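One file, entry13.txt, carrying compact mmCIF, C-alpha atoms (C1' of nucleotides):
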```
# COMPACT_ATOMS: atom_id res chain seq x y z
CA MET A 1 98.77 97.82 57.49
CA LYS A 2 101.35 95.23 58.35
CA GLN A 3 100.74 92.84 61.19
CA PRO A 4 103.32 90.10 61.06
CA THR A 5 102.38 88.91 64.55
CA ILE A 6 105.44 87.00 65.54
CA CYS A 7 104.84 83.31 66.18
CA PRO A 8 103.72 82.89 69.79
CA LYS A 9 105.93 79.84 70.32
CA PHE A 10 108.95 81.77 69.19
CA GLU A 11 107.99 84.70 71.34
CA LYS A 12 107.64 82.43 74.33
CA ALA A 13 111.03 80.90 73.69
CA ILE A 14 112.55 84.35 73.44
CA SER A 15 110.95 85.49 76.64
CA LEU A 16 112.22 82.38 78.40
CA LEU A 17 115.76 82.90 77.19
CA SER A 18 115.78 86.62 77.69
CA GLN A 19 114.85 86.42 81.32
CA ARG A 20 117.94 87.71 82.99
CA TRP A 21 120.11 84.83 84.26
CA SER A 22 118.00 82.04 82.78
CA ALA A 23 120.31 81.30 79.88
CA LEU A 24 123.34 81.32 82.15
CA VAL A 25 121.69 78.97 84.61
CA ILE A 26 120.84 76.55 81.82
CA TYR A 27 124.32 76.87 80.39
CA GLN A 28 125.79 76.14 83.78
CA LEU A 29 123.64 73.04 84.17
CA LEU A 30 124.79 71.72 80.80
CA SER A 31 127.90 70.56 82.61
CA GLY A 32 125.84 68.32 84.88
CA SER A 33 123.52 68.50 87.83
CA GLN A 34 124.49 70.93 90.51
CA ARG A 35 123.48 72.23 93.87
CA PHE A 36 122.10 75.64 94.70
CA THR A 37 125.26 77.21 96.03
CA GLU A 38 127.35 75.74 93.25
CA ILE A 39 125.28 77.46 90.59
CA GLN A 40 125.22 80.59 92.65
CA SER A 41 128.95 80.93 92.97
CA ALA A 42 129.63 79.81 89.41
CA ILE A 43 127.61 82.53 87.74
CA GLY A 44 127.50 85.17 90.47
CA ILE A 45 123.76 85.42 90.91
CA SER A 46 122.03 86.40 94.14
CA GLY A 47 120.27 83.71 96.15
CA LYS A 48 116.97 85.43 95.76
CA VAL A 49 117.05 85.66 92.00
CA LEU A 50 118.48 82.16 91.61
CA SER A 51 115.64 80.85 93.74
CA ASP A 52 113.16 82.67 91.50
CA ARG A 53 114.78 81.47 88.30
CA LEU A 54 114.99 77.85 89.35
CA LYS A 55 111.33 77.85 90.30
CA ASP A 56 110.46 79.43 87.01
CA LEU A 57 112.60 77.10 84.94
CA GLU A 58 111.25 74.13 86.83
CA HIS A 59 107.76 75.36 86.12
CA GLN A 60 108.59 75.57 82.42
CA GLY A 61 109.88 72.04 82.40
CA VAL A 62 113.46 73.02 81.68
CA VAL A 63 114.98 72.24 85.06
CA LYS A 64 114.41 69.36 87.45
CA ARG A 65 114.78 69.62 91.22
CA VAL A 66 115.76 66.41 92.93
CA VAL A 67 115.86 65.95 96.68
CA ILE A 68 118.37 63.34 97.74
CA PRO A 69 117.34 62.14 101.19
CA GLU A 70 120.75 61.80 102.68
CA THR A 71 121.50 63.39 105.93
CA PRO A 72 121.73 66.28 105.55
CA VAL A 73 119.44 66.42 102.59
CA ILE A 74 121.00 67.32 99.26
CA ILE A 75 119.09 69.20 96.61
CA GLU A 76 120.27 68.80 93.07
CA TYR A 77 119.22 70.76 90.05
CA SER A 78 119.57 69.35 86.56
CA LEU A 79 118.19 69.83 83.08
CA THR A 80 115.24 67.93 81.74
CA GLU A 81 115.25 66.72 78.16
CA LYS A 82 113.67 70.01 77.17
CA GLY A 83 116.44 71.80 78.97
CA ARG A 84 119.20 69.77 77.39
CA SER A 85 117.69 70.38 74.00
CA LEU A 86 118.62 74.03 74.45
CA GLU A 87 122.26 73.07 74.20
CA SER A 88 122.33 73.73 70.46
CA VAL A 89 121.01 77.25 71.02
CA LEU A 90 123.59 77.96 73.69
CA ARG A 91 126.36 76.52 71.53
CA GLU A 92 125.33 78.78 68.67
CA ILE A 93 125.52 81.77 70.97
CA GLU A 94 128.86 80.57 72.22
CA SER A 95 130.38 80.27 68.79
CA TRP A 96 128.86 83.56 67.69
CA SER A 97 130.39 85.23 70.71
CA GLN A 98 133.83 83.90 69.83
CA LEU A 99 133.61 85.34 66.35
CA TRP A 100 131.89 88.64 66.99
CA VAL A 101 132.28 89.80 70.55
CA ASN A 102 135.37 91.62 71.61
CA ALA A 103 136.19 91.09 75.22
CA GLU A 104 136.97 94.73 76.04
CA ALA A 105 134.56 97.32 77.45
CA MET B 1 136.80 75.15 95.17
CA LYS B 2 135.35 75.40 91.72
CA GLN B 3 135.58 78.60 89.75
CA PRO B 4 134.60 77.96 86.16
CA THR B 5 134.41 81.70 85.42
CA ILE B 6 132.25 81.72 82.35
CA CYS B 7 133.95 83.08 79.24
CA PRO B 8 133.51 86.86 79.18
CA LYS B 9 132.72 86.91 75.47
CA PHE B 10 129.96 84.41 75.99
CA GLU B 11 128.66 86.32 78.96
CA LYS B 12 128.58 89.48 76.92
CA ALA B 13 126.71 87.77 74.12
CA ILE B 14 124.20 86.45 76.61
CA SER B 15 123.69 89.82 78.19
CA LEU B 16 123.15 91.34 74.75
CA LEU B 17 120.59 88.75 73.77
CA SER B 18 118.87 88.64 77.11
CA GLN B 19 118.17 92.33 77.17
CA ARG B 20 114.43 92.41 76.96
CA TRP B 21 113.27 93.09 73.37
CA SER B 22 116.73 93.03 71.82
CA ALA B 23 116.39 89.59 70.28
CA LEU B 24 112.96 90.42 68.92
CA VAL B 25 114.19 93.65 67.39
CA ILE B 26 117.04 91.83 65.68
CA TYR B 27 114.69 89.08 64.55
CA GLN B 28 112.35 91.67 63.12
CA LEU B 29 115.17 93.34 61.22
CA LEU B 30 116.19 90.02 59.67
CA SER B 31 113.36 90.58 57.23
CA GLY B 32 114.96 93.78 55.99
CA SER B 33 115.51 97.36 57.02
CA GLN B 34 112.62 99.03 58.71
CA ARG B 35 111.48 102.30 60.16
CA PHE B 36 110.88 103.11 63.79
CA THR B 37 107.12 102.79 63.83
CA GLU B 38 107.21 99.66 61.71
CA ILE B 39 109.34 97.85 64.27
CA GLN B 40 107.26 99.26 67.04
CA SER B 41 103.95 98.00 65.74
CA ALA B 42 105.38 94.67 64.59
CA ILE B 43 106.65 93.57 67.96
CA GLY B 44 104.51 95.68 70.28
CA ILE B 45 107.26 97.55 72.07
CA SER B 46 106.86 101.02 73.56
CA GLY B 47 108.51 103.94 71.81
CA LYS B 48 110.64 104.66 74.79
CA VAL B 49 112.12 101.19 75.11
CA LEU B 50 112.53 100.80 71.34
CA SER B 51 114.43 104.05 71.28
CA ASP B 52 116.69 102.77 74.07
CA ARG B 53 117.22 99.41 72.42
CA LEU B 54 118.04 100.80 69.02
CA LYS B 55 120.60 103.14 70.54
CA ASP B 56 122.09 100.28 72.46
CA LEU B 57 122.17 97.89 69.53
CA GLU B 58 123.65 100.57 67.33
CA HIS B 59 126.28 101.16 69.95
CA GLN B 60 127.09 97.45 69.95
CA GLY B 61 127.48 97.42 66.22
CA VAL B 62 124.49 95.18 65.61
CA VAL B 63 122.12 97.73 64.12
CA LYS B 64 122.73 100.56 61.67
CA ARG B 65 120.70 103.77 61.59
CA VAL B 66 120.47 105.41 58.18
CA VAL B 67 118.96 108.82 57.56
CA ILE B 68 117.51 109.13 54.10
CA PRO B 69 117.36 112.83 53.26
CA GLU B 70 114.09 112.82 51.46
CA THR B 71 111.45 115.22 52.45
CA PRO B 72 110.26 114.37 54.97
CA VAL B 73 113.34 112.63 56.21
CA ILE B 74 113.13 108.85 56.53
CA ILE B 75 115.07 106.96 59.16
CA GLU B 76 115.78 103.35 58.44
CA TYR B 77 117.14 100.75 60.78
CA SER B 78 118.91 97.68 59.50
CA LEU B 79 121.32 95.01 60.66
CA THR B 80 125.05 95.27 60.25
CA GLU B 81 127.04 92.20 59.30
CA LYS B 82 127.44 91.46 62.98
CA GLY B 83 123.69 91.71 63.36
CA ARG B 84 122.94 89.46 60.42
CA SER B 85 125.37 86.91 61.77
CA LEU B 86 122.97 86.41 64.65
CA GLU B 87 120.49 84.86 62.28
CA SER B 88 121.76 81.34 63.00
CA VAL B 89 121.19 81.88 66.71
CA LEU B 90 117.68 83.16 66.15
CA ARG B 91 116.91 80.31 63.76
CA GLU B 92 118.06 77.81 66.37
CA ILE B 93 115.74 79.37 68.89
CA GLU B 94 112.96 79.35 66.35
CA SER B 95 113.29 75.68 65.58
CA TRP B 96 113.68 74.83 69.26
CA SER B 97 110.49 76.71 69.98
CA GLN B 98 108.61 74.73 67.36
CA LEU B 99 109.68 71.45 68.91
CA TRP B 100 109.47 72.24 72.58
CA VAL B 101 107.21 75.15 73.32
CA ASN B 102 103.52 74.61 73.62
CA ALA B 103 101.54 77.63 72.64
CA GLU B 104 99.15 77.55 75.59
CA ALA B 105 99.56 79.56 78.77
C1' DG C 1 94.33 125.93 59.52
C1' DA C 2 92.89 121.39 61.56
C1' DA C 3 94.25 116.92 61.74
C1' DG C 4 97.59 113.25 60.87
C1' DT C 5 102.31 111.02 60.52
C1' DT C 6 107.08 110.14 62.04
C1' DA C 7 110.62 109.76 65.31
C1' DG C 8 111.24 110.39 69.06
C1' DT C 9 111.34 112.55 74.48
C1' DT C 10 109.52 113.46 79.22
C1' DA C 11 107.21 112.50 83.48
C1' DC C 12 105.31 109.22 86.23
C1' DT C 13 104.05 104.31 87.77
C1' DT C 14 104.88 99.51 88.11
C1' DT C 15 107.82 95.63 88.01
C1' DA C 16 112.24 93.40 88.30
C1' DT C 17 116.64 92.96 90.24
C1' DG C 18 120.25 93.59 93.71
C1' DT C 19 121.92 93.66 98.58
C1' DA C 20 122.10 92.26 102.97
C1' DA C 21 120.49 90.10 106.73
C1' DG C 22 117.77 86.29 108.70
C1' DT C 23 116.18 81.37 109.26
C1' DA C 24 115.83 76.31 110.00
C1' DA C 25 118.02 72.12 109.80
C1' DG C 26 122.00 69.83 110.26
C1' DT C 27 127.46 69.16 110.95
C1' DA C 28 131.97 69.86 112.89
C1' DT C 29 134.94 71.71 116.38
C1' DA C 30 136.57 72.76 121.35
C1' DT D 1 127.33 71.81 125.44
C1' DA D 2 128.07 75.94 123.37
C1' DT D 3 130.12 78.19 119.04
C1' DA D 4 130.77 78.40 114.55
C1' DC D 5 129.81 76.84 109.89
C1' DT D 6 127.08 75.05 105.78
C1' DT D 7 123.02 74.63 102.78
C1' DA D 8 118.93 76.22 100.72
C1' DC D 9 116.45 79.28 100.98
C1' DT D 10 113.16 83.74 102.47
C1' DT D 11 112.30 88.56 103.94
C1' DA D 12 112.78 93.47 103.91
C1' DC D 13 114.40 97.23 101.77
C1' DA D 14 116.86 100.02 97.83
C1' DT D 15 117.80 100.74 93.11
C1' DA D 16 117.26 100.00 88.24
C1' DA D 17 114.62 98.82 84.25
C1' DA D 18 110.24 98.75 81.75
C1' DG D 19 105.50 100.21 80.78
C1' DT D 20 102.03 104.00 79.99
C1' DA D 21 100.56 108.07 78.41
C1' DA D 22 101.02 112.46 77.05
C1' DC D 23 103.93 115.76 74.57
C1' DT D 24 107.01 117.81 70.80
C1' DA D 25 108.94 119.33 66.28
C1' DA D 26 108.95 118.92 61.62
C1' DC D 27 106.45 118.01 57.86
C1' DT D 28 102.02 116.54 54.93
C1' DT D 29 97.38 116.05 53.53
C1' DC D 30 92.55 117.53 53.70
```
For the structure just supplied, provide its representation as structure tokens.
Amino acid sequence: MKQPTICPKFEKAISLLSQRWSALVIYQLLSGSQRFTEIQSAIGISGKVLSDRLKDLEHQGVVKRVVIPETPVIIEYSLTEKGRSLESVLREIESWSQLWVNAEA
Amino acid sequence: MKQPTICPKFEKAISLLSQRWSALVIYQLLSGSQRFTEIQSAIGISGKVLSDRLKDLEHQGVVKRVVIPETPVIIEYSLTEKGRSLESVLREIESWSQLWVNAEA
DNA sequence: GAAGTTAGTTACTTTATGTAAGTAAGTATA
DNA sequence: TATACTTACTTACATAAAGTAACTAACTTC
């Protein structure tokens, strides 16, 4: 019997990144902190799911939510250090996609 | 107005990798070609979803399905070149997970 | 011939995602 | 002062994806 039992840290990382939209949200925030509607229109995600994802990513320590007490209040989302450290992963995917993905269909 | 319109190749790569289970299936096949039930018990996926994923990954040119006409017939799944080229991505995720993911909860 | 293995499929339930409309606080416009 | 608009969400409802469990067909071993 073979029981490789994939490393739980790796599995957790995979489940984080393979949550639909999460990788794109992180990728989007690599270009700097952004507001809710900015992210929403940039990647075409529904408000509901974006709200869920941001909460989740914040909970995982990947995203930071900052309330700027201007009037009206501004809420900015940005990456934490943990979040920024995912840049190398996203860049790998990016360069893989350029080599191996054909745009059609 | 800001319309970054994420690169479609990148988006496609992301949607491939963020299909639930796909990354784990590919990761599992990095250690060599394997049979249906082997993959299934290694990563704990249901037969139904594994069947779906393998079809999908085969369709995307990432996985190869080989029928070995022994008796009884053996069906082996392995990575194509495109599939193996994802190793660098998976390794990046792996090393990120070691640095940044804590195993608990 | 009874039971087990392999590679799935089918039917049904639960969970996740999408869509659209609504809300509360504030701003700008007439 | 009312009307419309923006931001950052939430709520209700519909659809799609995933999980569970049982089933099948071909073959093997006991």
**Asked** Using all atoms listed in the file, which chain B residues lie at most 10 Å away from chain C, written as a VMD selection string?
**Response** chain B and resid 35 to 37 47 to 48 50 to 51 72 to 75
**Item:** Contact set, chain B to chain A: 10 Å, all atoms listed in the file, as a ChimeraX atom specification
**Value:** /B:1-24,27-28,38,41-44,60-62,81-83,85-86,88-105
**Asked** From the list D:DT20, D:DT11, D:DT1, D:DT29, which residue is nearest chain A when using all atoms listed in the file?
**Response**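 Once distances to chain A are computed over all atoms listed in the file, the minimum belongs to D:DT11.
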**Asked** So which one's closest to chain D, A:Val49, A:Val63, A:Glu58, A:Ser78? Using only C-alpha atoms (C1' of nucleotides), please.
**Response** A:Val49
Transformed chain A, reference chain B, in-order C-alpha pairing, as an mmCIF file with C-alpha atoms, keeping the file's coordinate frame:
```cif
data_model
loop_
_atom_site.group_PDB
_atom_site.id
_atom_site.type_symbol
_atom_site.label_atom_id
_atom_site.label_comp_id
_atom_site.auth_asym_id
_atom_site.auth_seq_id
_atom_site.Cartn_x
_atom_site.Cartn_y
_atom_site.Cartn_z
ATOM 1 C CA MET A 1 136.784 75.521 95.261
ATOM 2 C CA LYS A 2 135.355 75.646 91.790
ATOM 3 C CA GLN A 3 135.601 78.808 89.769
ATOM 4 C CA PRO A 4 134.651 78.059 86.202
ATOM 5 C CA THR A 5 134.412 81.767 85.380
ATOM 6 C CA ILE A 6 132.266 81.718 82.317
ATOM 7 C CA CYS A 7 133.955 83.076 79.204
ATOM 8 C CA PRO A 8 133.503 86.851 79.150
ATOM 9 C CA LYS A 9 132.698 86.893 75.433
ATOM 10 C CA PHE A 10 129.951 84.380 75.949
ATOM 11 C CA GLU A 11 128.652 86.282 78.920
ATOM 12 C CA LYS A 12 128.575 89.459 76.891
ATOM 13 C CA ALA A 13 126.700 87.747 74.098
ATOM 14 C CA ILE A 14 124.194 86.410 76.589
ATOM 15 C CA SER A 15 123.684 89.778 78.167
ATOM 16 C CA LEU A 16 123.146 91.317 74.742
ATOM 17 C CA LEU A 17 120.573 88.731 73.766
ATOM 18 C CA SER A 18 118.860 88.632 77.104
ATOM 19 C CA GLN A 19 118.158 92.318 77.168
ATOM 20 C CA ARG A 20 114.423 92.405 76.961
ATOM 21 C CA TRP A 21 113.269 93.107 73.385
ATOM 22 C CA SER A 22 116.725 93.019 71.812
ATOM 23 C CA ALA A 23 116.371 89.579 70.283
ATOM 24 C CA LEU A 24 112.937 90.418 68.927
ATOM 25 C CA VAL A 25 114.174 93.647 67.397
ATOM 26 C CA ILE A 26 117.013 91.816 65.680
ATOM 27 C CA TYR A 27 114.662 89.084 64.556
ATOM 28 C CA GLN A 28 112.321 91.670 63.135
ATOM 29 C CA LEU A 29 115.141 93.335 61.222
ATOM 30 C CA LEU A 30 116.161 90.019 59.679
ATOM 31 C CA SER A 31 113.328 90.582 57.239
ATOM 32 C CA GLY A 32 114.934 93.787 55.990
ATOM 33 C CA SER A 33 115.499 97.358 57.014
ATOM 34 C CA GLN A 34 112.605 99.040 58.694
ATOM 35 C CA ARG A 35 111.484 102.295 60.161
ATOM 36 C CA PHE A 36 110.893 103.099 63.798
ATOM 37 C CA THR A 37 107.134 102.810 63.828
ATOM 38 C CA GLU A 38 107.199 99.673 61.727
ATOM 39 C CA ILE A 39 109.323 97.843 64.268
ATOM 40 C CA GLN A 40 107.250 99.274 67.043
ATOM 41 C CA SER A 41 103.946 98.022 65.760
ATOM 42 C CA ALA A 42 105.348 94.692 64.604
ATOM 43 C CA ILE A 43 106.614 93.592 67.989
ATOM 44 C CA GLY A 44 104.493 95.721 70.314
ATOM 45 C CA ILE A 45 107.248 97.578 72.104
ATOM 46 C CA SER A 46 106.895 101.049 73.591
ATOM 47 C CA GLY A 47 108.547 103.965 71.818
ATOM 48 C CA LYS A 48 110.710 104.680 74.786
ATOM 49 C CA VAL A 49 112.146 101.213 75.114
ATOM 50 C CA LEU A 50 112.545 100.799 71.357
ATOM 51 C CA SER A 51 114.475 104.053 71.285
ATOM 52 C CA ASP A 52 116.714 102.752 74.073
ATOM 53 C CA ARG A 53 117.232 99.384 72.432
ATOM 54 C CA LEU A 54 118.060 100.779 69.023
ATOM 55 C CA LYS A 55 120.634 103.102 70.533
ATOM 56 C CA ASP A 56 122.105 100.243 72.465
ATOM 57 C CA LEU A 57 122.172 97.854 69.535
ATOM 58 C CA GLU A 58 123.654 100.538 67.340
ATOM 59 C CA HIS A 59 126.302 101.111 69.959
ATOM 60 C CA GLN A 60 127.111 97.401 69.949
ATOM 61 C CA GLY A 61 127.479 97.383 66.209
ATOM 62 C CA VAL A 62 124.482 95.156 65.611
ATOM 63 C CA VAL A 63 122.125 97.721 64.124
ATOM 64 C CA LYS A 64 122.725 100.532 61.661
ATOM 65 C CA ARG A 65 120.722 103.757 61.586
ATOM 66 C CA VAL A 66 120.482 105.381 58.196
ATOM 67 C CA VAL A 67 118.995 108.802 57.584
ATOM 68 C CA ILE A 68 117.546 109.138 54.116
ATOM 69 C CA PRO A 69 117.400 112.847 53.325
ATOM 70 C CA GLU A 70 114.131 112.881 51.514
ATOM 71 C CA THR A 71 111.510 115.290 52.504
ATOM 72 C CA PRO A 72 110.331 114.432 55.038
ATOM 73 C CA VAL A 73 113.391 112.649 56.254
ATOM 74 C CA ILE A 74 113.175 108.880 56.545
ATOM 75 C CA ILE A 75 115.101 106.972 59.163
ATOM 76 C CA GLU A 76 115.801 103.355 58.446
ATOM 77 C CA TYR A 77 117.153 100.756 60.788
ATOM 78 C CA SER A 78 118.910 97.664 59.506
ATOM 79 C CA LEU A 79 121.315 94.997 60.666
ATOM 80 C CA THR A 80 125.040 95.242 60.248
ATOM 81 C CA GLU A 81 127.032 92.175 59.295
ATOM 82 C CA LYS A 82 127.424 91.431 62.981
ATOM 83 C CA GLY A 83 123.694 91.691 63.357
ATOM 84 C CA ARG A 84 122.929 89.454 60.417
ATOM 85 C CA SER A 85 125.350 86.901 61.746
ATOM 86 C CA LEU A 86 122.947 86.403 64.638
ATOM 87 C CA GLU A 87 120.476 84.861 62.240
ATOM 88 C CA SER A 88 121.741 81.353 62.960
ATOM 89 C CA VAL A 89 121.173 81.873 66.682
ATOM 90 C CA LEU A 90 117.660 83.154 66.125
ATOM 91 C CA ARG A 91 116.897 80.302 63.738
ATOM 92 C CA GLU A 92 118.045 77.796 66.336
ATOM 93 C CA ILE A 93 115.723 79.365 68.869
ATOM 94 C CA GLU A 94 112.956 79.335 66.319
ATOM 95 C CA SER A 95 113.294 75.667 65.545
ATOM 96 C CA TRP A 96 113.683 74.800 69.211
ATOM 97 C CA SER A 97 110.493 76.676 69.952
ATOM 98 C CA GLN A 98 108.599 74.699 67.329
ATOM 99 C CA LEU A 99 109.678 71.427 68.868
ATOM 100 C CA TRP A 100 109.489 72.212 72.556
ATOM 101 C CA VAL A 101 107.200 75.108 73.296
ATOM 102 C CA ASN A 102 103.512 74.566 73.594
ATOM 103 C CA ALA A 103 101.527 77.582 72.620
ATOM 104 C CA GLU A 104 99.093 77.480 75.552
ATOM 105 C CA ALA A 105 99.422 79.342 78.858
#
```
**Request:** To one decimal in Å, tell me the separation between C1' of DG19 (chain D) and CA of Gln34 (chain B).
**Result:**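 The value is 23.2 Å.
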**Request:** Take C1' of DT24 (chain D) and CA of Ser33 (chain B) and report the distance between them in Å, one decimal.
**Result:**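 The value is 26.1 Å.
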**Distance criterion (only C-alpha atoms): nearest to Leu79 (chain B) out of B:Ile45, B:Val25, B:Asp52, B:Lys64** =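 Counting only C-alpha atoms, the residue closest to Leu79 (chain B) is B:Lys64.
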How close does chain D get to chain A? List, as a tab-separated table, each residue of chain D within 12 Å, its nearest atom pair and the distance in Å to one decimal, counting all atoms listed in the file.
```
residue	atom	partner	partner_atom	distance
D:DT6	C1'	A:Thr37	CA	10.2
D:DT7	C1'	A:Thr37	CA	7.6
D:DA8	C1'	A:Phe36	CA	6.8
D:DC9	C1'	A:Ser51	CA	7.5
D:DT10	C1'	A:Lys48	CA	7.9
D:DT11	C1'	A:Lys48	CA	9.9
D:DA17	C1'	A:Arg20	CA	11.7
```
**Request:** Identify which of the residues B:Leu54, B:Thr71, B:Ser46, B:Gln40 lies closest to DT28 (chain D), counting all atoms listed in the file when measuring atom-to-atom distances.
**Result:**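 Ranked by minimum distance to DT28 (chain D), first place goes to B:Thr71.
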**Request:** Figure out the distance between CA of Glu87 (chain A) and CA of Arg53 (chain B), please, to one decimal in Å.
**Result:**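 Interatomic distance here is 26.9 Å.
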**Message:** Using only C-alpha atoms for the distances, tell me which of A:Arg84, A:Glu70, A:Tyr77, A:Leu29 is nearest to Lys55 (chain A).
**Reply:** A:Tyr77
